[in-house]
Structure formats: C-alpha cells, structure tokens
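The file my_file.cif comes next; it holds mmCIF, N, CA and C atoms.
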```
data_model
#
loop_
_atom_site.label_atom_id
_atom_site.label_comp_id
_atom_site.auth_asym_id
_atom_site.auth_seq_id
_atom_site.Cartn_x
_atom_site.Cartn_y
_atom_site.Cartn_z
N GLN N 4 19.29 -10.28 8.60
CA GLN N 4 18.79 -10.57 7.25
C GLN N 4 18.40 -9.26 6.58
N VAL N 5 18.94 -9.07 5.40
CA VAL N 5 18.72 -7.83 4.67
C VAL N 5 17.59 -8.04 3.66
N GLN N 6 16.73 -7.06 3.57
CA GLN N 6 15.66 -7.13 2.58
C GLN N 6 15.51 -5.77 1.92
N LEU N 7 15.47 -5.78 0.60
CA LEU N 7 15.24 -4.57 -0.18
C LEU N 7 13.95 -4.75 -0.95
N VAL N 8 13.04 -3.83 -0.81
CA VAL N 8 11.74 -3.94 -1.48
C VAL N 8 11.56 -2.73 -2.38
N GLU N 9 11.46 -3.02 -3.68
CA GLU N 9 11.28 -1.96 -4.68
C GLU N 9 9.81 -1.80 -5.02
N SER N 10 9.47 -0.60 -5.46
CA SER N 10 8.12 -0.33 -5.95
C SER N 10 8.18 0.85 -6.90
N GLY N 11 7.10 1.03 -7.65
CA GLY N 11 6.98 2.21 -8.50
C GLY N 11 7.18 1.97 -9.98
N GLY N 12 7.51 0.77 -10.37
CA GLY N 12 7.65 0.50 -11.79
C GLY N 12 6.31 0.53 -12.50
N GLY N 13 6.36 0.49 -13.81
CA GLY N 13 5.13 0.49 -14.59
C GLY N 13 5.39 0.77 -16.04
N SER N 14 4.32 1.08 -16.75
CA SER N 14 4.40 1.37 -18.18
C SER N 14 4.01 2.82 -18.42
N VAL N 15 4.83 3.52 -19.19
CA VAL N 15 4.56 4.91 -19.53
C VAL N 15 4.94 5.15 -20.98
N GLN N 16 4.46 6.25 -21.50
CA GLN N 16 4.87 6.64 -22.85
C GLN N 16 6.14 7.46 -22.78
N ALA N 17 6.82 7.50 -23.90
CA ALA N 17 8.05 8.29 -23.98
C ALA N 17 7.77 9.73 -23.57
N GLY N 18 8.71 10.27 -22.79
CA GLY N 18 8.54 11.62 -22.25
C GLY N 18 7.89 11.64 -20.89
N GLY N 19 7.38 10.50 -20.45
CA GLY N 19 6.70 10.43 -19.17
C GLY N 19 7.66 10.31 -18.00
N THR N 20 7.07 10.19 -16.81
CA THR N 20 7.86 10.09 -15.59
C THR N 20 7.43 8.89 -14.76
N LEU N 21 8.37 8.40 -13.99
CA LEU N 21 8.12 7.37 -12.98
C LEU N 21 9.03 7.65 -11.80
N ARG N 22 8.59 7.21 -10.63
CA ARG N 22 9.42 7.31 -9.44
C ARG N 22 9.50 5.94 -8.80
N LEU N 23 10.71 5.43 -8.71
CA LEU N 23 10.95 4.16 -8.06
C LEU N 23 11.34 4.39 -6.60
N SER N 24 10.92 3.46 -5.76
CA SER N 24 11.29 3.51 -4.34
C SER N 24 11.90 2.18 -3.94
N CYS N 25 12.79 2.24 -2.99
CA CYS N 25 13.40 1.03 -2.45
C CYS N 25 13.60 1.24 -0.96
N THR N 26 12.97 0.40 -0.18
CA THR N 26 13.10 0.47 1.27
C THR N 26 13.92 -0.71 1.76
N ALA N 27 14.92 -0.39 2.56
CA ALA N 27 15.83 -1.40 3.08
C ALA N 27 15.52 -1.71 4.53
N SER N 28 15.57 -2.98 4.84
CA SER N 28 15.45 -3.41 6.23
C SER N 28 16.52 -4.46 6.50
N SER N 29 17.04 -4.45 7.72
CA SER N 29 18.08 -5.40 8.05
C SER N 29 18.11 -5.60 9.55
N GLY N 30 18.90 -6.57 9.95
CA GLY N 30 19.08 -6.81 11.36
C GLY N 30 20.25 -6.05 11.93
N TYR N 31 20.89 -5.23 11.07
CA TYR N 31 22.03 -4.46 11.54
C TYR N 31 21.56 -3.26 12.36
N THR N 32 22.44 -2.82 13.24
CA THR N 32 22.14 -1.63 14.03
C THR N 32 22.59 -0.37 13.32
N TYR N 33 23.27 -0.53 12.21
CA TYR N 33 23.74 0.61 11.44
C TYR N 33 23.13 0.55 10.05
N ARG N 34 23.07 1.70 9.39
CA ARG N 34 22.46 1.74 8.07
C ARG N 34 23.47 1.35 7.00
N SER N 35 22.96 1.16 5.83
CA SER N 35 23.82 0.82 4.72
C SER N 35 24.76 1.98 4.40
N ASN N 36 25.90 1.67 3.80
CA ASN N 36 26.85 2.69 3.42
C ASN N 36 26.50 3.34 2.09
N ALA N 37 25.86 2.58 1.23
CA ALA N 37 25.51 3.11 -0.08
C ALA N 37 24.33 2.33 -0.63
N MET N 38 23.58 2.98 -1.49
CA MET N 38 22.49 2.32 -2.19
C MET N 38 22.52 2.75 -3.64
N GLY N 39 22.04 1.89 -4.50
CA GLY N 39 22.09 2.22 -5.91
C GLY N 39 20.98 1.57 -6.70
N TRP N 40 20.87 2.01 -7.92
CA TRP N 40 19.92 1.44 -8.87
C TRP N 40 20.69 0.93 -10.09
N PHE N 41 20.33 -0.26 -10.50
CA PHE N 41 20.87 -0.87 -11.70
C PHE N 41 19.69 -1.30 -12.56
N ARG N 42 19.96 -1.53 -13.84
CA ARG N 42 18.88 -1.99 -14.71
C ARG N 42 19.40 -3.02 -15.70
N GLN N 43 18.50 -3.87 -16.14
CA GLN N 43 18.86 -4.90 -17.10
C GLN N 43 17.80 -4.94 -18.19
N PRO N 44 18.13 -4.41 -19.36
CA PRO N 44 17.20 -4.50 -20.48
C PRO N 44 17.11 -5.94 -20.96
N PRO N 45 16.06 -6.29 -21.64
CA PRO N 45 15.92 -7.66 -22.12
C PRO N 45 17.09 -8.09 -23.00
N GLY N 46 17.67 -9.22 -22.69
CA GLY N 46 18.76 -9.76 -23.48
C GLY N 46 20.09 -9.05 -23.33
N GLN N 47 20.18 -8.16 -22.36
CA GLN N 47 21.42 -7.41 -22.18
C GLN N 47 21.97 -7.59 -20.77
N GLU N 48 23.19 -7.11 -20.58
CA GLU N 48 23.84 -7.18 -19.28
C GLU N 48 23.22 -6.12 -18.36
N ARG N 49 23.33 -6.39 -17.07
CA ARG N 49 22.90 -5.40 -16.09
C ARG N 49 23.87 -4.22 -16.12
N GLU N 50 23.31 -3.03 -15.99
CA GLU N 50 24.13 -1.82 -16.06
C GLU N 50 23.77 -0.87 -14.93
N PRO N 51 24.73 -0.05 -14.51
CA PRO N 51 24.44 0.90 -13.44
C PRO N 51 23.58 2.05 -13.93
N VAL N 52 22.80 2.58 -13.03
CA VAL N 52 21.96 3.74 -13.34
C VAL N 52 22.35 4.91 -12.45
N ALA N 53 22.30 4.70 -11.15
CA ALA N 53 22.60 5.77 -10.20
C ALA N 53 22.92 5.16 -8.85
N GLY N 54 23.66 5.91 -8.04
CA GLY N 54 23.99 5.45 -6.70
C GLY N 54 24.17 6.63 -5.77
N ILE N 55 24.09 6.35 -4.47
CA ILE N 55 24.22 7.41 -3.48
C ILE N 55 24.87 6.87 -2.22
N TYR N 56 25.80 7.64 -1.67
CA TYR N 56 26.36 7.32 -0.37
C TYR N 56 25.38 7.81 0.69
N THR N 57 25.02 6.94 1.62
CA THR N 57 23.98 7.31 2.58
C THR N 57 24.45 8.35 3.58
N SER N 58 25.73 8.41 3.82
CA SER N 58 26.29 9.49 4.64
C SER N 58 26.96 10.48 3.71
N GLY N 59 26.50 11.68 3.71
CA GLY N 59 27.09 12.69 2.85
C GLY N 59 26.28 12.94 1.60
N GLY N 60 25.67 11.89 1.05
CA GLY N 60 24.77 12.07 -0.07
C GLY N 60 25.41 12.23 -1.43
N ASN N 61 26.73 11.98 -1.54
CA ASN N 61 27.35 12.05 -2.86
C ASN N 61 26.70 11.03 -3.78
N THR N 62 26.58 11.41 -5.05
CA THR N 62 25.85 10.58 -5.99
C THR N 62 26.67 10.22 -7.22
N TYR N 63 26.17 9.23 -7.91
CA TYR N 63 26.74 8.79 -9.18
C TYR N 63 25.58 8.63 -10.17
N TYR N 64 25.81 8.99 -11.43
CA TYR N 64 24.83 8.76 -12.49
C TYR N 64 25.54 8.21 -13.72
N ALA N 65 24.89 7.26 -14.36
CA ALA N 65 25.37 6.83 -15.66
C ALA N 65 25.15 7.96 -16.66
N ASP N 66 26.02 8.05 -17.63
CA ASP N 66 25.93 9.13 -18.62
C ASP N 66 24.57 9.14 -19.31
N SER N 67 24.01 7.96 -19.51
CA SER N 67 22.77 7.85 -20.27
C SER N 67 21.56 8.44 -19.54
N VAL N 68 21.69 8.67 -18.23
CA VAL N 68 20.55 9.18 -17.47
C VAL N 68 20.80 10.55 -16.86
N LYS N 69 22.01 11.05 -16.98
CA LYS N 69 22.32 12.35 -16.39
C LYS N 69 21.38 13.42 -16.93
N GLY N 70 20.88 14.24 -16.02
CA GLY N 70 19.97 15.31 -16.40
C GLY N 70 18.52 14.87 -16.48
N ARG N 71 18.27 13.57 -16.46
CA ARG N 71 16.89 13.07 -16.53
C ARG N 71 16.47 12.34 -15.26
N PHE N 72 17.39 11.63 -14.65
CA PHE N 72 17.10 10.84 -13.46
C PHE N 72 17.73 11.51 -12.24
N THR N 73 17.06 11.37 -11.10
CA THR N 73 17.60 11.89 -9.85
C THR N 73 17.44 10.85 -8.75
N ILE N 74 18.54 10.54 -8.09
CA ILE N 74 18.50 9.64 -6.95
C ILE N 74 18.48 10.47 -5.68
N SER N 75 17.66 10.04 -4.72
CA SER N 75 17.57 10.74 -3.45
C SER N 75 17.28 9.71 -2.37
N GLN N 76 17.32 10.18 -1.12
CA GLN N 76 17.12 9.22 -0.03
C GLN N 76 16.39 9.86 1.13
N ASN N 77 15.77 9.01 1.91
CA ASN N 77 15.21 9.38 3.20
C ASN N 77 15.89 8.47 4.21
N THR N 78 16.89 8.98 4.88
CA THR N 78 17.68 8.14 5.78
C THR N 78 16.85 7.67 6.97
N ALA N 79 15.86 8.44 7.36
CA ALA N 79 15.04 8.03 8.50
C ALA N 79 14.26 6.75 8.22
N SER N 80 13.86 6.57 6.98
CA SER N 80 13.09 5.38 6.62
C SER N 80 13.91 4.38 5.81
N ASN N 81 15.21 4.66 5.66
CA ASN N 81 16.09 3.76 4.88
C ASN N 81 15.53 3.52 3.49
N THR N 82 15.09 4.58 2.86
CA THR N 82 14.48 4.49 1.54
C THR N 82 15.28 5.32 0.55
N VAL N 83 15.47 4.76 -0.61
CA VAL N 83 16.11 5.49 -1.71
C VAL N 83 15.12 5.58 -2.85
N TYR N 84 15.15 6.69 -3.54
CA TYR N 84 14.21 6.95 -4.63
C TYR N 84 14.98 7.17 -5.93
N LEU N 85 14.33 6.86 -7.03
CA LEU N 85 14.86 7.20 -8.34
C LEU N 85 13.75 7.89 -9.12
N GLN N 86 13.88 9.21 -9.24
CA GLN N 86 12.94 9.98 -10.03
C GLN N 86 13.39 9.95 -11.47
N MET N 87 12.55 9.45 -12.34
CA MET N 87 12.91 9.28 -13.75
C MET N 87 12.01 10.17 -14.59
N ASN N 88 12.61 11.15 -15.21
CA ASN N 88 11.88 12.09 -16.08
C ASN N 88 12.33 11.90 -17.52
N SER N 89 11.53 12.43 -18.42
CA SER N 89 11.85 12.37 -19.86
C SER N 89 12.24 10.96 -20.28
N LEU N 90 11.44 10.02 -19.89
CA LEU N 90 11.77 8.62 -20.17
C LEU N 90 11.77 8.33 -21.66
N LYS N 91 12.67 7.43 -22.02
CA LYS N 91 12.85 7.02 -23.41
C LYS N 91 12.61 5.52 -23.52
N PRO N 92 12.26 5.05 -24.70
CA PRO N 92 12.08 3.59 -24.86
C PRO N 92 13.30 2.80 -24.43
N GLU N 93 14.47 3.35 -24.63
CA GLU N 93 15.70 2.63 -24.25
C GLU N 93 15.90 2.56 -22.74
N ASP N 94 15.05 3.24 -21.98
CA ASP N 94 15.10 3.10 -20.52
C ASP N 94 14.33 1.88 -20.04
N SER N 95 13.63 1.22 -20.94
CA SER N 95 12.86 0.03 -20.58
C SER N 95 13.79 -1.06 -20.07
N ALA N 96 13.49 -1.59 -18.91
CA ALA N 96 14.35 -2.59 -18.30
C ALA N 96 13.75 -3.03 -16.97
N MET N 97 14.32 -4.07 -16.42
CA MET N 97 14.06 -4.42 -15.03
C MET N 97 15.03 -3.61 -14.19
N TYR N 98 14.50 -2.88 -13.25
CA TYR N 98 15.31 -2.03 -12.39
C TYR N 98 15.49 -2.69 -11.03
N TYR N 99 16.74 -2.75 -10.60
CA TYR N 99 17.08 -3.38 -9.34
C TYR N 99 17.67 -2.37 -8.36
N CYS N 100 17.24 -2.49 -7.14
CA CYS N 100 17.83 -1.72 -6.05
C CYS N 100 18.93 -2.55 -5.42
N ALA N 101 20.00 -1.89 -5.01
CA ALA N 101 21.11 -2.57 -4.37
C ALA N 101 21.61 -1.75 -3.19
N ALA N 102 22.22 -2.43 -2.25
CA ALA N 102 22.76 -1.75 -1.08
C ALA N 102 24.01 -2.48 -0.60
N VAL N 103 24.80 -1.77 0.16
CA VAL N 103 26.00 -2.38 0.72
C VAL N 103 26.07 -2.03 2.20
N TRP N 104 26.30 -3.08 2.97
CA TRP N 104 26.45 -2.92 4.41
C TRP N 104 27.84 -3.35 4.82
N GLY N 105 28.35 -2.68 5.83
CA GLY N 105 29.53 -3.19 6.50
C GLY N 105 30.87 -2.82 5.90
N ARG N 106 30.86 -2.11 4.77
CA ARG N 106 32.14 -1.71 4.21
C ARG N 106 31.95 -0.50 3.32
N ILE N 107 33.06 0.18 3.11
CA ILE N 107 33.06 1.36 2.25
C ILE N 107 33.33 0.90 0.82
N ILE N 108 32.59 1.44 -0.11
CA ILE N 108 32.84 1.10 -1.51
C ILE N 108 33.39 2.31 -2.24
N ALA N 109 34.19 2.04 -3.25
CA ALA N 109 34.84 3.12 -3.98
C ALA N 109 34.06 3.57 -5.21
N ASP N 110 33.26 2.66 -5.75
CA ASP N 110 32.64 2.93 -7.03
C ASP N 110 31.15 2.60 -6.96
N LEU N 111 30.32 3.63 -6.87
CA LEU N 111 28.88 3.42 -6.78
C LEU N 111 28.30 2.75 -8.02
N GLY N 112 29.01 2.80 -9.12
CA GLY N 112 28.51 2.21 -10.35
C GLY N 112 28.95 0.79 -10.60
N ASN N 113 29.67 0.21 -9.65
CA ASN N 113 30.17 -1.15 -9.80
C ASN N 113 29.26 -2.12 -9.05
N GLU N 114 28.54 -2.94 -9.79
CA GLU N 114 27.57 -3.82 -9.16
C GLU N 114 28.22 -4.82 -8.21
N TYR N 115 29.46 -5.14 -8.43
CA TYR N 115 30.14 -6.14 -7.59
C TYR N 115 30.49 -5.58 -6.22
N GLU N 116 30.36 -4.28 -6.04
CA GLU N 116 30.61 -3.68 -4.74
C GLU N 116 29.43 -3.89 -3.79
N TYR N 117 28.26 -4.14 -4.33
CA TYR N 117 27.05 -4.23 -3.52
C TYR N 117 26.84 -5.66 -3.01
N ASN N 118 26.30 -5.78 -1.81
CA ASN N 118 26.10 -7.12 -1.26
C ASN N 118 24.65 -7.45 -0.93
N SER N 119 23.73 -6.59 -1.33
CA SER N 119 22.32 -6.88 -1.15
C SER N 119 21.54 -6.38 -2.35
N TRP N 120 20.57 -7.16 -2.77
CA TRP N 120 19.82 -6.82 -3.98
C TRP N 120 18.32 -7.05 -3.76
N GLY N 121 17.53 -6.20 -4.40
CA GLY N 121 16.10 -6.40 -4.42
C GLY N 121 15.70 -7.33 -5.56
N GLN N 122 14.39 -7.59 -5.63
CA GLN N 122 13.87 -8.51 -6.64
C GLN N 122 13.66 -7.83 -8.00
N GLY N 123 13.61 -6.54 -8.02
CA GLY N 123 13.45 -5.83 -9.28
C GLY N 123 12.03 -5.34 -9.51
N THR N 124 11.95 -4.27 -10.28
CA THR N 124 10.64 -3.74 -10.69
C THR N 124 10.75 -3.35 -12.16
N GLN N 125 9.74 -3.71 -12.93
CA GLN N 125 9.80 -3.53 -14.38
C GLN N 125 9.38 -2.11 -14.77
N VAL N 126 10.17 -1.54 -15.67
CA VAL N 126 9.85 -0.25 -16.27
C VAL N 126 9.76 -0.44 -17.77
N THR N 127 8.64 -0.04 -18.35
CA THR N 127 8.44 -0.16 -19.79
C THR N 127 8.03 1.19 -20.35
N VAL N 128 8.80 1.65 -21.33
CA VAL N 128 8.52 2.95 -21.95
C VAL N 128 8.20 2.72 -23.41
N SER N 129 7.02 3.13 -23.82
CA SER N 129 6.59 2.93 -25.20
C SER N 129 6.77 4.22 -26.00
N SER N 130 7.04 4.04 -27.28
CA SER N 130 7.27 5.21 -28.14
C SER N 130 5.97 5.76 -28.70
#
```
Please rewrite the model in this file as structure tokens.
Amino acid sequence: QVQLVESGGGSVQAGGTLRLSCTASSGYTYRSNAMGWFRQPPGQEREPVAGIYTSGGNTYYADSVKGRFTISQNTASNTVYLQMNSLKPEDSAMYYCAAVWGRIIADLGNEYEYNSWGQGTQVTVSS
C-alpha cells in the first residue's frame, strides 16, 4: 500500500517563500522511479509543476515556475521537496505530490504517468 503525505502549504504574500514536502511509504522493497508535484488552481485543470527521477536526479519544471521553484529529494527518507521562491498570486492552488512505482516513465510532466497521489496541500499567495 502506497501512501504519500504532503506538508508545508500555507498562506504567504507575493514574493514570499514556501517549502513543500512529500514523504512516500509503500510495501515495496524498491523505491519509486519518479516523483512530482502538480497543482490545481480553483476552477481549473490540474497542471504539472515539477518532477524528478529518483535515480539520477534529472528534473522537469513547468515554464511558469522555472527559476523560482526547485525540486529536490532525500532518497534515504523517500522524501521530495518543492522549494517555492518569489511566489505569485497565480501560484495559488492545491498542490499534489505524485509518485510512480514499478515502471519507467518518459514524461515527468504527464500526470497520467503517475500511479500514486497524495491528498494535497493548499498554497495561497496574496497580492
């Protein structure tokens, strides 16, 4: 049974910072192949934010967050982080952690590649 637990959301003013964390636990003897962050603003579709391959550490970023957000990981604790700097009101959304076990994925930004999801953590940025 796979479980992803997110934390670190909250409310900040524009220009502020937040750091999201997501810790994965499972009954597998091997770690996930990739983990990512997606977000869903109110009334909009879910969109990719960032992703990372757990072996090798290659990353993906949506154009809208490049240069402001950084995804990183602690493989020992199966935790992925999303450091969010220079936050903008348009970054306000429910942020979801996702992971994939058991197969290689080609596109870290494709939500349909992931097979495990967290419950989400809310990020609100005020102007």
At most 10 Å is the cut-off: for each residue in segment 47-76 of chain N with any atom that close to an atom of segment 4-27 of chain N, write down the nearest atom pair and the distance in Å rounded to one decimal, counting only C-alpha atoms, chain first then increasing number, as a tab-separated table.
```
residue	atom	partner	partner_atom	distance
N:Arg71	CA	N:Thr20	CA	9.6
N:Phe72	CA	N:Arg22	CA	9.4
N:Thr73	CA	N:Arg22	CA	9.4
N:Ile74	CA	N:Leu23	CA	9.4
N:Ser75	CA	N:Ser24	CA	9.6
N:Gln76	CA	N:Ser24	CA	9.2
```
### Query
Between atom CA of Ser58 of chain N and atom N of Asp110 of chain N, what is the spacing in Å?
14.3 Å
Give me the segment 12-101 of chain N side of the contact with segment 118-125 of chain N, cut-off 8 Å, one line per residue showing its nearest atom pair and distance in Å at one decimal, counting only N, CA and C atoms, sorted by chain and residue number, as a Markdown table.
```
| residue | atom | partner | partner_atom | distance |
| --- | --- | --- | --- | --- |
| N:Gly12 | CA | N:Gln125 | C | 4.3 |
| N:Gly13 | N | N:Gln125 | C | 4.1 |
| N:Ser14 | N | N:Gln125 | C | 6.3 |
| N:Ser95 | C | N:Gln125 | C | 7.0 |
| N:Ala96 | C | N:Gln125 | CA | 4.7 |
| N:Met97 | CA | N:Gln125 | CA | 4.4 |
| N:Tyr98 | N | N:Thr124 | C | 3.9 |
| N:Tyr99 | CA | N:Gly123 | CA | 4.4 |
| N:Cys100 | C | N:Gly121 | N | 4.0 |
| N:Ala101 | CA | N:Ser119 | C | 4.3 |
```
For the selection you just gave me, I'd like the residues written to a file as a PDB file, in the coordinates of the input, keeping N, CA and C atoms.
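Resulting contents of again.pdb:
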```
ATOM      1  N   GLY N  12       7.510   0.770 -10.370  1.00  0.00           N
ATOM      2  CA  GLY N  12       7.650   0.500 -11.790  1.00  0.00           C
ATOM      3  C   GLY N  12       6.310   0.530 -12.500  1.00  0.00           C
ATOM      4  N   GLY N  13       6.360   0.490 -13.810  1.00  0.00           N
ATOM      5  CA  GLY N  13       5.130   0.490 -14.590  1.00  0.00           C
ATOM      6  C   GLY N  13       5.390   0.770 -16.040  1.00  0.00           C
ATOM      7  N   SER N  14       4.320   1.080 -16.750  1.00  0.00           N
ATOM      8  CA  SER N  14       4.400   1.370 -18.180  1.00  0.00           C
ATOM      9  C   SER N  14       4.010   2.820 -18.420  1.00  0.00           C
ATOM     10  N   SER N  95      13.630   1.220 -20.940  1.00  0.00           N
ATOM     11  CA  SER N  95      12.860   0.030 -20.580  1.00  0.00           C
ATOM     12  C   SER N  95      13.790  -1.060 -20.070  1.00  0.00           C
ATOM     13  N   ALA N  96      13.490  -1.590 -18.910  1.00  0.00           N
ATOM     14  CA  ALA N  96      14.350  -2.590 -18.300  1.00  0.00           C
ATOM     15  C   ALA N  96      13.750  -3.030 -16.970  1.00  0.00           C
ATOM     16  N   MET N  97      14.320  -4.070 -16.420  1.00  0.00           N
ATOM     17  CA  MET N  97      14.060  -4.420 -15.030  1.00  0.00           C
ATOM     18  C   MET N  97      15.030  -3.610 -14.190  1.00  0.00           C
ATOM     19  N   TYR N  98      14.500  -2.880 -13.250  1.00  0.00           N
ATOM     20  CA  TYR N  98      15.310  -2.030 -12.390  1.00  0.00           C
ATOM     21  C   TYR N  98      15.490  -2.690 -11.030  1.00  0.00           C
ATOM     22  N   TYR N  99      16.740  -2.750 -10.600  1.00  0.00           N
ATOM     23  CA  TYR N  99      17.080  -3.380  -9.340  1.00  0.00           C
ATOM     24  C   TYR N  99      17.670  -2.370  -8.360  1.00  0.00           C
ATOM     25  N   CYS N 100      17.240  -2.490  -7.140  1.00  0.00           N
ATOM     26  CA  CYS N 100      17.830  -1.720  -6.050  1.00  0.00           C
ATOM     27  C   CYS N 100      18.930  -2.550  -5.420  1.00  0.00           C
ATOM     28  N   ALA N 101      20.000  -1.890  -5.010  1.00  0.00           N
ATOM     29  CA  ALA N 101      21.110  -2.570  -4.370  1.00  0.00           C
ATOM     30  C   ALA N 101      21.610  -1.750  -3.190  1.00  0.00           C
TER      31      ALA N 101
END
```
### Task
Mind the document's chain letters and residue numbers, and return as a count of residues only the residues of chain N that DSSP labels strand (DSSP E or B).
62
### Query
Asn36 of chain N: which residues within 6.5 Å, counting all atoms listed in the file, same-chain residues fewer than 6 positions away excluded, as a PyMOL selection string?
chain N and resi 55-58+102-107
File dump, residues just selected, N, CA and C atoms, as a CSV table (one decimal), in the coordinates of the input:
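Contents of result.csv, as written:
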```
chain,number,residue,atom,x,y,z
N,55,ILE,N,24.1,6.4,-4.5
N,55,ILE,CA,24.2,7.4,-3.5
N,55,ILE,C,24.9,6.9,-2.2
N,56,TYR,N,25.8,7.6,-1.7
N,56,TYR,CA,26.4,7.3,-0.4
N,56,TYR,C,25.4,7.8,0.7
N,57,THR,N,25.0,6.9,1.6
N,57,THR,CA,24.0,7.3,2.6
N,57,THR,C,24.4,8.4,3.6
N,58,SER,N,25.7,8.4,3.8
N,58,SER,CA,26.3,9.5,4.6
N,58,SER,C,27.0,10.5,3.7
N,102,ALA,N,22.2,-2.4,-2.2
N,102,ALA,CA,22.8,-1.8,-1.1
N,102,ALA,C,24.0,-2.5,-0.6
N,103,VAL,N,24.8,-1.8,0.2
N,103,VAL,CA,26.0,-2.4,0.7
N,103,VAL,C,26.1,-2.0,2.2
N,104,TRP,N,26.3,-3.1,3.0
N,104,TRP,CA,26.4,-2.9,4.4
N,104,TRP,C,27.8,-3.4,4.8
N,105,GLY,N,28.4,-2.7,5.8
N,105,GLY,CA,29.5,-3.2,6.5
N,105,GLY,C,30.9,-2.8,5.9
N,106,ARG,N,30.9,-2.1,4.8
N,106,ARG,CA,32.1,-1.7,4.2
N,106,ARG,C,32.0,-0.5,3.3
N,107,ILE,N,33.1,0.2,3.1
N,107,ILE,CA,33.1,1.4,2.2
N,107,ILE,C,33.3,0.9,0.8
```
From a DSSP pass on the backbone, collect the residues of segment 23-128 of chain N flagged as helix (DSSP H, G or I) and hand them back as a compact mmCIF listing (two decimals) with N, CA and C atoms, keeping the file's coordinate frame.
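In the end it all went to states-v8.txt:
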```txt
# COMPACT_ATOMS: atom_id res chain seq x y z
N PRO N 92 12.26 5.05 -24.70
CA PRO N 92 12.08 3.59 -24.86
C PRO N 92 13.30 2.80 -24.43
N GLU N 93 14.47 3.35 -24.63
CA GLU N 93 15.70 2.63 -24.25
C GLU N 93 15.90 2.56 -22.74
N ASP N 94 15.05 3.24 -21.98
CA ASP N 94 15.10 3.10 -20.52
C ASP N 94 14.33 1.88 -20.04
N GLU N 114 28.54 -2.94 -9.79
CA GLU N 114 27.57 -3.82 -9.16
C GLU N 114 28.22 -4.82 -8.21
N TYR N 115 29.46 -5.14 -8.43
CA TYR N 115 30.14 -6.14 -7.59
C TYR N 115 30.49 -5.58 -6.22
N GLU N 116 30.36 -4.28 -6.04
CA GLU N 116 30.61 -3.68 -4.74
C GLU N 116 29.43 -3.89 -3.79
```
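Across the model, the gap from atom C of Lys91 of chain N to atom C of Gly39 of chain N is 19.2 Å.
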### Close residues, segment 112-116 of chain N itself excluded, 7 Å, all atoms listed in the file, min 3 positions apart in chain, as number ranges by chain
N: 50-54, 63, 102-103, 108-109, 119
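If you look at atom C of Gln43 of chain N and atom N of Val126 of chain N, they are 8.7 Å away from each other.
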